[in-house]
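*Asks:* Input entry-v4.cif, format and content: mmCIF, C-alpha atoms and all ligand atoms.
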```
data_model
#
loop_
_atom_site.label_atom_id
_atom_site.label_comp_id
_atom_site.auth_asym_id
_atom_site.auth_seq_id
_atom_site.Cartn_x
_atom_site.Cartn_y
_atom_site.Cartn_z
CA MET A 1 -66.25 8.81 52.15
CA LYS A 2 -65.42 7.75 48.61
CA SER A 3 -62.16 9.69 48.54
CA ASN A 4 -61.18 8.20 51.92
CA GLU A 5 -61.76 4.75 50.53
CA ASN A 6 -59.52 5.56 47.58
CA ASN A 7 -56.80 6.75 49.94
CA GLU A 8 -56.90 3.33 51.52
CA HIS A 9 -55.15 1.77 48.54
CA ASN A 10 -51.75 2.18 46.97
CA PHE A 11 -50.87 -0.20 44.19
CA SER A 12 -47.16 0.60 43.91
CA LEU A 13 -46.46 -3.06 44.65
CA ALA A 14 -48.32 -4.24 41.57
CA THR A 15 -45.62 -3.48 38.99
CA GLU A 16 -42.86 -4.99 41.14
CA THR A 17 -44.90 -8.18 41.68
CA LYS A 18 -45.87 -8.53 38.02
CA ASN A 19 -42.24 -7.99 36.93
CA ILE A 20 -40.91 -10.67 39.29
CA LEU A 21 -43.54 -13.18 38.19
CA GLN A 22 -43.03 -12.38 34.51
CA LYS A 23 -39.24 -12.60 34.73
CA HIS A 24 -39.53 -16.17 36.03
CA GLY A 25 -42.43 -17.16 33.77
CA ILE A 26 -44.69 -17.92 36.73
CA ARG A 27 -48.40 -18.58 36.31
CA LEU A 28 -49.94 -18.43 39.75
CA ASN A 29 -51.69 -21.56 40.97
CA LYS A 30 -55.24 -21.08 42.31
CA ASN A 31 -55.14 -24.48 44.01
CA LEU A 32 -52.33 -23.25 46.25
CA GLY A 33 -54.21 -20.05 47.12
CA GLN A 34 -51.69 -17.95 45.17
CA ASN A 35 -53.32 -14.53 45.26
CA TYR A 36 -50.52 -12.08 45.88
CA LEU A 37 -50.94 -8.80 47.71
CA ILE A 38 -50.23 -5.76 45.52
CA ASP A 39 -51.61 -3.08 47.82
CA ASP A 40 -48.82 -1.29 49.60
CA TYR A 41 -51.19 0.53 51.97
CA LYS A 42 -52.74 -2.74 53.17
CA ARG A 43 -49.29 -4.32 53.49
CA LYS A 44 -48.18 -1.48 55.80
CA LYS A 45 -51.36 -1.82 57.83
CA ILE A 46 -50.94 -5.58 58.31
CA ILE A 47 -47.33 -5.16 59.41
CA ASN A 48 -48.22 -2.31 61.79
CA PHE A 49 -50.95 -4.44 63.41
CA ALA A 50 -48.22 -6.87 64.50
CA ASN A 51 -46.37 -4.14 66.44
CA ILE A 52 -43.01 -5.75 65.69
CA SER A 53 -39.80 -5.06 67.60
CA LYS A 54 -36.24 -6.32 67.21
CA ASN A 55 -37.00 -8.94 69.91
CA ASP A 56 -39.65 -10.64 67.77
CA THR A 57 -39.28 -13.76 65.68
CA ILE A 58 -42.08 -13.95 63.14
CA LEU A 59 -43.59 -17.07 61.60
CA GLU A 60 -45.02 -16.57 58.11
CA ILE A 61 -46.96 -19.27 56.27
CA GLY A 62 -46.94 -18.86 52.50
CA PRO A 63 -44.48 -15.99 51.95
CA GLY A 64 -44.89 -16.18 48.16
CA ILE A 65 -42.32 -13.90 46.52
CA GLY A 66 -41.67 -12.13 49.82
CA THR A 67 -44.19 -9.28 49.79
CA LEU A 68 -44.64 -9.34 53.56
CA THR A 69 -41.51 -11.33 54.39
CA ILE A 70 -38.89 -8.78 53.37
CA GLU A 71 -40.67 -5.90 55.13
CA LEU A 72 -41.12 -8.08 58.23
CA SER A 73 -37.41 -8.93 58.24
CA LYS A 74 -36.54 -5.20 58.43
CA LYS A 75 -38.45 -4.85 61.71
CA ALA A 76 -38.00 -8.22 63.42
CA LYS A 77 -35.08 -10.15 64.84
CA LYS A 78 -35.88 -13.02 62.51
CA VAL A 79 -38.54 -14.37 60.13
CA VAL A 80 -39.24 -18.08 59.69
CA ALA A 81 -41.14 -18.45 56.39
CA ILE A 82 -42.62 -21.69 55.05
CA GLU A 83 -43.50 -21.86 51.34
CA GLN A 84 -44.78 -25.04 49.72
CA ASP A 85 -44.33 -24.13 46.04
CA LYS A 86 -40.78 -25.05 44.97
CA LYS A 87 -40.53 -22.48 42.13
CA ILE A 88 -41.88 -19.65 44.28
CA PHE A 89 -39.56 -20.73 47.10
CA GLU A 90 -36.59 -20.49 44.71
CA ILE A 91 -37.57 -16.99 43.57
CA LEU A 92 -37.79 -15.79 47.16
CA PHE A 93 -34.56 -17.56 48.07
CA GLU A 94 -32.82 -15.72 45.22
CA ARG A 95 -34.32 -12.37 46.30
CA ILE A 96 -33.08 -12.90 49.86
CA GLN A 97 -29.55 -13.67 48.56
CA GLU A 98 -29.55 -10.69 46.18
CA GLU A 99 -30.68 -8.31 48.89
CA ASN A 100 -28.17 -9.77 51.37
CA ILE A 101 -30.82 -10.46 54.00
CA SER A 102 -29.51 -12.71 56.76
CA ASN A 103 -32.46 -12.95 59.16
CA ILE A 104 -34.94 -14.96 57.08
CA GLU A 105 -35.07 -18.74 57.51
CA LEU A 106 -36.86 -20.03 54.44
CA ILE A 107 -38.35 -23.53 54.44
CA ASN A 108 -39.70 -25.29 51.35
CA ASP A 109 -42.49 -27.53 52.66
CA ASP A 110 -46.20 -27.89 53.26
CA ALA A 111 -46.71 -25.95 56.50
CA LEU A 112 -49.12 -28.63 57.71
CA ASN A 113 -46.25 -31.14 57.67
CA VAL A 114 -43.69 -28.95 59.42
CA GLU A 115 -42.84 -29.91 63.02
CA ILE A 116 -44.45 -27.75 65.67
CA SER A 117 -40.94 -27.25 67.14
CA THR A 118 -40.15 -25.17 64.03
CA PHE A 119 -43.27 -23.05 64.57
CA SER A 120 -42.40 -22.50 68.20
CA LYS A 121 -39.14 -20.72 67.37
CA SER A 122 -41.42 -17.73 66.77
CA ASN A 123 -43.40 -15.56 69.16
CA LYS A 124 -45.62 -13.83 66.55
CA ILE A 125 -47.32 -15.01 63.38
CA VAL A 126 -48.04 -12.75 60.41
CA SER A 127 -49.51 -14.35 57.29
CA ASN A 128 -51.69 -13.81 54.30
CA LEU A 129 -52.76 -17.45 54.52
CA PRO A 130 -53.41 -19.86 51.67
CA TYR A 131 -57.17 -20.11 52.27
CA GLN A 132 -57.44 -23.83 51.46
CA ILE A 133 -55.62 -24.66 54.72
CA SER A 134 -57.32 -22.04 56.94
CA SER A 135 -58.85 -24.48 59.38
CA PRO A 136 -56.02 -27.01 59.96
CA ILE A 137 -53.31 -24.33 60.06
CA THR A 138 -55.26 -22.27 62.63
CA PHE A 139 -55.62 -25.31 64.90
CA LYS A 140 -51.95 -26.07 64.40
CA PHE A 141 -51.04 -22.52 65.50
CA LEU A 142 -52.95 -23.12 68.71
CA GLU A 143 -50.64 -26.02 69.57
CA PHE A 144 -47.79 -23.66 70.45
CA ASP A 145 -47.29 -20.74 72.74
CA PHE A 146 -47.23 -17.52 70.67
CA ASP A 147 -47.97 -13.94 71.75
CA LEU A 148 -50.17 -12.80 68.87
CA ALA A 149 -51.06 -13.62 65.29
CA ILE A 150 -52.12 -11.23 62.52
CA LEU A 151 -53.77 -13.38 59.88
CA MET A 152 -55.65 -12.87 56.65
CA TYR A 153 -58.51 -15.25 55.88
CA GLN A 154 -61.40 -15.43 53.47
CA LYS A 155 -63.98 -13.04 54.94
CA GLU A 156 -66.65 -15.72 55.53
CA PHE A 157 -64.14 -17.89 57.40
CA ALA A 158 -63.10 -14.93 59.58
CA ASN A 159 -66.78 -14.23 60.30
CA ARG A 160 -67.27 -17.82 61.48
CA MET A 161 -64.20 -17.55 63.70
CA ILE A 162 -65.41 -14.35 65.34
CA ALA A 163 -69.14 -15.20 65.64
CA LYS A 164 -70.70 -15.33 69.09
CA VAL A 165 -73.57 -17.52 70.30
CA GLY A 166 -76.85 -16.61 68.56
CA ASP A 167 -75.13 -14.97 65.52
CA LYS A 168 -76.01 -16.44 62.14
CA ASN A 169 -72.31 -17.28 61.60
CA TYR A 170 -71.96 -19.05 64.98
CA SER A 171 -70.41 -22.39 64.05
CA ARG A 172 -68.33 -25.33 65.18
CA LEU A 173 -65.26 -23.22 64.39
CA SER A 174 -66.41 -20.40 66.72
CA ALA A 175 -67.21 -22.88 69.50
CA MET A 176 -63.89 -24.72 69.06
CA LEU A 177 -61.79 -21.54 69.07
CA HIS A 178 -63.69 -19.92 71.94
CA PHE A 179 -61.69 -21.47 74.83
CA LYS A 180 -58.32 -21.21 73.07
CA THR A 181 -57.99 -17.72 71.67
CA SER A 182 -59.57 -14.30 71.66
CA ILE A 183 -60.24 -13.08 68.14
CA GLU A 184 -60.45 -9.47 67.04
CA PHE A 185 -61.52 -8.25 63.61
CA LEU A 186 -59.00 -5.71 62.22
CA ASP A 187 -59.67 -4.94 58.55
CA ASN A 188 -61.39 -5.99 55.33
CA ILE A 189 -59.41 -6.38 52.12
CA SER A 190 -61.11 -6.36 48.72
CA PRO A 191 -60.19 -8.51 45.70
CA GLN A 192 -58.54 -5.51 43.91
CA SER A 193 -55.69 -5.67 46.43
CA PHE A 194 -54.42 -8.95 44.91
CA ILE A 195 -53.24 -10.49 41.67
CA PRO A 196 -54.91 -12.47 40.37
CA GLN A 197 -58.08 -11.03 41.92
CA PRO A 198 -59.77 -13.71 44.05
CA LYS A 199 -63.53 -14.22 43.79
CA VAL A 200 -63.86 -13.68 47.55
CA ASN A 201 -63.31 -10.86 50.04
CA SER A 202 -60.70 -11.13 52.75
CA SER A 203 -60.43 -10.07 56.37
CA VAL A 204 -57.52 -9.54 58.71
CA VAL A 205 -57.93 -10.71 62.29
CA LYS A 206 -55.81 -10.77 65.42
CA LEU A 207 -55.59 -13.92 67.53
CA THR A 208 -54.39 -13.77 71.12
CA PRO A 209 -54.13 -17.21 72.73
CA ILE A 210 -55.90 -17.80 76.04
CA ARG A 211 -53.38 -19.56 78.20
CA ASN A 212 -55.58 -20.73 81.09
CA GLU A 213 -56.68 -24.22 80.06
CA SER A 214 -58.46 -25.16 83.29
CA PHE A 215 -61.85 -25.15 81.52
CA PHE A 216 -61.03 -28.59 80.12
CA SER A 217 -61.03 -30.48 83.42
CA ASN A 218 -60.17 -34.11 83.93
CA LYS A 219 -63.87 -34.86 83.62
CA THR A 220 -64.15 -33.49 80.12
CA ASN A 221 -61.23 -33.31 77.85
CA GLU A 222 -61.01 -31.33 74.70
CA ASN A 223 -61.71 -34.38 72.53
CA ASP A 224 -65.09 -34.98 74.14
CA TYR A 225 -66.04 -31.32 73.68
CA SER A 226 -64.88 -31.45 70.09
CA LEU A 227 -66.95 -34.59 69.43
CA ILE A 228 -70.11 -33.00 70.83
CA CYS A 229 -69.48 -29.88 68.70
CA ARG A 230 -69.06 -32.13 65.63
CA ALA A 231 -72.39 -33.77 66.42
CA LEU A 232 -74.30 -30.55 67.10
CA PHE A 233 -73.20 -28.00 64.51
CA PRO A 234 -74.19 -29.75 61.26
CA HIS A 235 -77.74 -29.23 62.61
CA LYS A 236 -77.23 -25.86 64.24
CA ASN A 237 -80.78 -24.59 63.73
CA LYS A 238 -82.32 -27.68 65.33
CA LYS A 239 -82.96 -28.39 68.99
CA ILE A 240 -80.09 -30.19 70.71
CA ARG A 241 -82.14 -33.38 71.14
CA ASN A 242 -82.80 -33.68 67.38
CA ALA A 243 -79.27 -32.62 66.45
CA LEU A 244 -77.80 -35.36 68.66
CA ILE A 245 -80.19 -37.97 67.27
CA ASP A 246 -79.39 -36.95 63.68
CA SER A 247 -75.68 -37.24 64.48
CA ARG A 248 -76.02 -40.58 66.28
CA ASN A 249 -73.28 -42.20 64.18
CA ILE A 250 -70.75 -39.59 65.32
CA LEU A 251 -71.75 -40.41 68.91
CA GLY A 252 -71.32 -44.14 68.33
CA TYR A 253 -75.02 -45.08 68.14
CA SER A 254 -76.54 -46.67 65.05
CA ASP A 255 -80.00 -47.17 66.58
CA LYS A 256 -82.11 -44.00 66.71
CA LYS A 257 -84.53 -45.35 69.32
CA ILE A 258 -81.83 -46.48 71.77
CA LEU A 259 -80.21 -43.04 71.70
CA ARG A 260 -83.56 -41.20 71.96
CA ASP A 261 -84.61 -43.29 74.99
CA LEU A 262 -81.25 -42.70 76.67
CA LEU A 263 -81.47 -38.94 76.19
CA ASP A 264 -85.13 -38.76 77.26
CA SER A 265 -84.54 -40.82 80.41
CA SER A 266 -82.00 -38.34 81.81
CA PRO A 267 -83.71 -35.52 83.79
CA GLU A 268 -80.48 -33.52 84.02
CA LEU A 269 -80.39 -33.21 80.22
CA GLU A 270 -83.96 -31.99 79.92
CA SER A 271 -83.29 -28.25 79.85
CA PHE A 272 -80.46 -28.67 77.31
CA LEU A 273 -82.34 -30.89 74.88
CA VAL A 274 -84.99 -28.27 74.08
CA LYS A 275 -82.44 -25.50 73.32
CA ARG A 276 -81.45 -24.73 69.77
CA VAL A 277 -77.80 -25.43 68.97
CA VAL A 278 -77.24 -21.90 67.63
CA LYS A 279 -78.43 -20.45 70.96
CA THR A 280 -76.13 -22.66 73.06
CA SER A 281 -72.93 -20.97 74.23
CA PRO A 282 -69.56 -22.77 74.30
CA GLU A 283 -69.78 -22.78 78.13
CA GLU A 284 -73.17 -24.53 77.91
CA ILE A 285 -71.84 -27.03 75.35
CA LEU A 286 -69.03 -27.81 77.79
CA GLU A 287 -71.59 -28.33 80.58
CA LEU A 288 -73.67 -30.53 78.27
CA THR A 289 -70.57 -32.55 77.39
CA ASN A 290 -69.89 -33.15 81.10
CA LEU A 291 -73.44 -34.35 81.66
CA ILE A 292 -73.78 -36.45 78.55
CA LYS A 293 -70.47 -38.28 78.75
CA PRO A 294 -71.46 -40.81 81.47
CA ILE A 295 -74.91 -41.21 79.90
CA LEU A 296 -73.71 -42.06 76.41
CA TRP A 297 -70.41 -43.74 77.02
CA GLY A 298 -70.68 -44.97 80.63
C1 LIG A 301 -52.25 -15.97 49.58
S1 LIG A 301 -50.61 -16.35 49.04
C2 LIG A 301 -49.72 -15.17 49.99
C3 LIG A 301 -48.43 -14.74 49.36
C4 LIG A 301 -47.76 -13.53 49.98
N1 LIG A 301 -47.49 -13.74 51.38
C5 LIG A 301 -48.61 -12.30 49.78
O1 LIG A 301 -49.12 -11.79 50.78
O2 LIG A 301 -48.73 -11.84 48.67
C6 LIG A 301 -50.34 -17.90 49.85
C7 LIG A 301 -48.99 -18.57 49.62
O3 LIG A 301 -48.99 -19.80 50.37
C8 LIG A 301 -48.38 -20.83 49.62
N2 LIG A 301 -48.93 -22.09 50.11
C9 LIG A 301 -50.06 -22.73 49.73
N3 LIG A 301 -50.29 -23.82 50.47
C10 LIG A 301 -49.26 -23.90 51.36
C11 LIG A 301 -48.93 -24.80 52.41
N4 LIG A 301 -49.70 -25.85 52.67
N5 LIG A 301 -47.79 -24.58 53.11
C12 LIG A 301 -47.00 -23.51 52.84
N6 LIG A 301 -47.27 -22.62 51.86
C13 LIG A 301 -48.39 -22.79 51.15
C14 LIG A 301 -48.72 -20.50 48.19
O4 LIG A 301 -47.82 -21.10 47.29
C15 LIG A 301 -48.66 -18.96 48.21
O5 LIG A 301 -47.37 -18.53 47.88
#
```
Give the structure from this file in structure tokens form.
Ligand SMILES: C[S@@+](CC[C@H](N)C(=O)[O-])C[C@H]1O[C@@H](n2cnc3c(N)ncnc32)[C@H](O)[C@@H]1O
*Replies:*
Amino acid sequence: MKSNENNEHNFSLATETKNILQKHGIRLNKNLGQNYLIDDYKRKKIINFANISKNDTILEIGPGIGTLTIELSKKAKKVVAIEQDKKIFEILFERIQEENISNIELINDDALNVEISTFSKSNKIVSNLPYQISSPITFKFLEFDFDLAILMYQKEFANRMIAKVGDKNYSRLSAMLHFKTSIEFLDNISPQSFIPQPKVNSSVVKLTPIRNESFFSNKTNENDYSLICRALFPHKNKKIRNALIDSRNILGYSDKKILRDLLDSSPELESFLVKRVVKTSPEEILELTNLIKPILWG
């Protein structure tokens, strides 16, 4: 077992990465999530998970000095890579020129500010994400029509994405992602696979968007569902009735008694109100949203 684990690492990338950073006098910036992959074995695995062909255009957020980017460009038709850090962008730009690579489009910007039309040039996403933007960038991905995404997140975040109803990690994130994408755990990556070593473990997951959006009917749009999730999940171990009352401001009620009386006077809500949030599936939250909407907001 131990020797297998050791075979699962190959740090040949470490010297190359350190040399590039040293040559340009770069000190990596923790605030930008700059932990660079130095494990060649894990790099190969991540790229293989994406099953890339010459028809694929790959979106990469945070290419850094090109650790994944250059390998991706050898397999894909094109790579669109968005790097926020100007100095790091320049290093990668220079590498691409020196190696005469013509199929990487490199953009120097905050990925959260880049138009979705730029994202949608790609059909696959492969990224070792900057963890500080995990949530907004994941929701941004879900605004366009891609085939699959292979993404690295902080392990705890990945666990919250994957968690099912009743799990201790079941969260607003799990409930929000549930109707939009299927999520598969692929691999764990330990801090030794990066420089500098992060204080957290990482996981690689695969997202496959769910394209049938009929679950959000005219009656209940996604915003209503999202609002109810925002109200429920800060109190996920409480019963729905108490969670809603505690989150009355989110629901637009300042008076506790008015909201409590409204909820208690609605027989159709009765069976929901006594359930614990953590035991309520996304389908049930959707049903609750449908019922509660006319009661709370007319
Ligand atoms: C975890 S590192 C990954 C680097 C490289 N892909 C690797 O695997 O070694 C994340 C990269 O994202 C960049 N970054 C951070 N915030 C960003 C943002 N909002 N938009 C685009 N790039 C960002 C950082 O500068 C850093 O280079």
*Asks:* Using only C-alpha atoms and all ligand atoms, which residue out of A:Ser122, A:Lys77, A:Ser135, A:Glu94 lies closest to ligand LIG 301 (chain A)?
*Replies:*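 For ligand LIG 301 (chain A), the nearest of the given residues is A:Ser135.
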*Asks:* Counting only C-alpha atoms and all ligand atoms, name the residues that have an atom within 9 Å of an atom of ligand LIG 301 (chain A); the answer should be given as a PDB file with C-alpha atoms, in the coordinates of the input.
*Replies:*
```pdb
ATOM      1  CA  THR A  17     -44.900  -8.180  41.680  1.00  0.00           C
ATOM      2  CA  LEU A  28     -49.940 -18.430  39.750  1.00  0.00           C
ATOM      3  CA  ASN A  29     -51.690 -21.560  40.970  1.00  0.00           C
ATOM      4  CA  LYS A  30     -55.240 -21.080  42.310  1.00  0.00           C
ATOM      5  CA  ASN A  31     -55.140 -24.480  44.010  1.00  0.00           C
ATOM      6  CA  LEU A  32     -52.330 -23.250  46.250  1.00  0.00           C
ATOM      7  CA  GLY A  33     -54.210 -20.050  47.120  1.00  0.00           C
ATOM      8  CA  GLN A  34     -51.690 -17.950  45.170  1.00  0.00           C
ATOM      9  CA  ASN A  35     -53.320 -14.530  45.260  1.00  0.00           C
ATOM     10  CA  TYR A  36     -50.520 -12.080  45.880  1.00  0.00           C
ATOM     11  CA  LEU A  37     -50.940  -8.800  47.710  1.00  0.00           C
ATOM     12  CA  ILE A  38     -50.230  -5.760  45.520  1.00  0.00           C
ATOM     13  CA  ARG A  43     -49.290  -4.320  53.490  1.00  0.00           C
ATOM     14  CA  GLU A  60     -45.020 -16.570  58.110  1.00  0.00           C
ATOM     15  CA  ILE A  61     -46.960 -19.270  56.270  1.00  0.00           C
ATOM     16  CA  GLY A  62     -46.940 -18.860  52.500  1.00  0.00           C
ATOM     17  CA  PRO A  63     -44.480 -15.990  51.950  1.00  0.00           C
ATOM     18  CA  GLY A  64     -44.890 -16.180  48.160  1.00  0.00           C
ATOM     19  CA  ILE A  65     -42.320 -13.900  46.520  1.00  0.00           C
ATOM     20  CA  GLY A  66     -41.670 -12.130  49.820  1.00  0.00           C
ATOM     21  CA  THR A  67     -44.190  -9.280  49.790  1.00  0.00           C
ATOM     22  CA  LEU A  68     -44.640  -9.340  53.560  1.00  0.00           C
ATOM     23  CA  THR A  69     -41.510 -11.330  54.390  1.00  0.00           C
ATOM     24  CA  ALA A  81     -41.140 -18.450  56.390  1.00  0.00           C
ATOM     25  CA  ILE A  82     -42.620 -21.690  55.050  1.00  0.00           C
ATOM     26  CA  GLU A  83     -43.500 -21.860  51.340  1.00  0.00           C
ATOM     27  CA  GLN A  84     -44.780 -25.040  49.720  1.00  0.00           C
ATOM     28  CA  ASP A  85     -44.330 -24.130  46.040  1.00  0.00           C
ATOM     29  CA  LYS A  86     -40.780 -25.050  44.970  1.00  0.00           C
ATOM     30  CA  ILE A  88     -41.880 -19.650  44.280  1.00  0.00           C
ATOM     31  CA  PHE A  89     -39.560 -20.730  47.100  1.00  0.00           C
ATOM     32  CA  ILE A 107     -38.350 -23.530  54.440  1.00  0.00           C
ATOM     33  CA  ASN A 108     -39.700 -25.290  51.350  1.00  0.00           C
ATOM     34  CA  ASP A 109     -42.490 -27.530  52.660  1.00  0.00           C
ATOM     35  CA  ASP A 110     -46.200 -27.890  53.260  1.00  0.00           C
ATOM     36  CA  ALA A 111     -46.710 -25.950  56.500  1.00  0.00           C
ATOM     37  CA  LEU A 112     -49.120 -28.630  57.710  1.00  0.00           C
ATOM     38  CA  ASN A 113     -46.250 -31.140  57.670  1.00  0.00           C
ATOM     39  CA  VAL A 114     -43.690 -28.950  59.420  1.00  0.00           C
ATOM     40  CA  SER A 127     -49.510 -14.350  57.290  1.00  0.00           C
ATOM     41  CA  ASN A 128     -51.690 -13.810  54.300  1.00  0.00           C
ATOM     42  CA  LEU A 129     -52.760 -17.450  54.520  1.00  0.00           C
ATOM     43  CA  PRO A 130     -53.410 -19.860  51.670  1.00  0.00           C
ATOM     44  CA  TYR A 131     -57.170 -20.110  52.270  1.00  0.00           C
ATOM     45  CA  GLN A 132     -57.440 -23.830  51.460  1.00  0.00           C
ATOM     46  CA  ILE A 133     -55.620 -24.660  54.720  1.00  0.00           C
ATOM     47  CA  ILE A 137     -53.310 -24.330  60.060  1.00  0.00           C
ATOM     48  CA  MET A 152     -55.650 -12.870  56.650  1.00  0.00           C
ATOM     49  CA  TYR A 153     -58.510 -15.250  55.880  1.00  0.00           C
ATOM     50  CA  PHE A 194     -54.420  -8.950  44.910  1.00  0.00           C
ATOM     51  CA  ILE A 195     -53.240 -10.490  41.670  1.00  0.00           C
TER      52      ILE A 195
END
```
*Asks:* So, counting only C-alpha atoms, which residue among A:Arg160, A:His24, A:Lys121, A:Lys78 is closest to Ile91 in chain A?
*Replies:* A:His24
*Asks:* Would you kindly return, as a ChimeraX atom specification, each protein, DNA or RNA residue with an atom no farther than 10 Å from any atom of Val274 in chain A, considering all atoms listed in the file and excluding same-chain residues fewer than 3 positions away?
*Replies:* /A:238-242,269-271,277
*Asks:* Enter the distance from CA of Asn123 in chain A to CA of Lys42 in chain A, in Å, rounded to one decimal.
*Replies:*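 So the answer is 22.5 Å.
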*Asks:* Taking only C-alpha atoms into account, name the residue in A:Lys293, A:Arg95, A:Lys256, A:Lys124 that is nearest to Asn55 in chain A.
*Replies:* A:Lys124
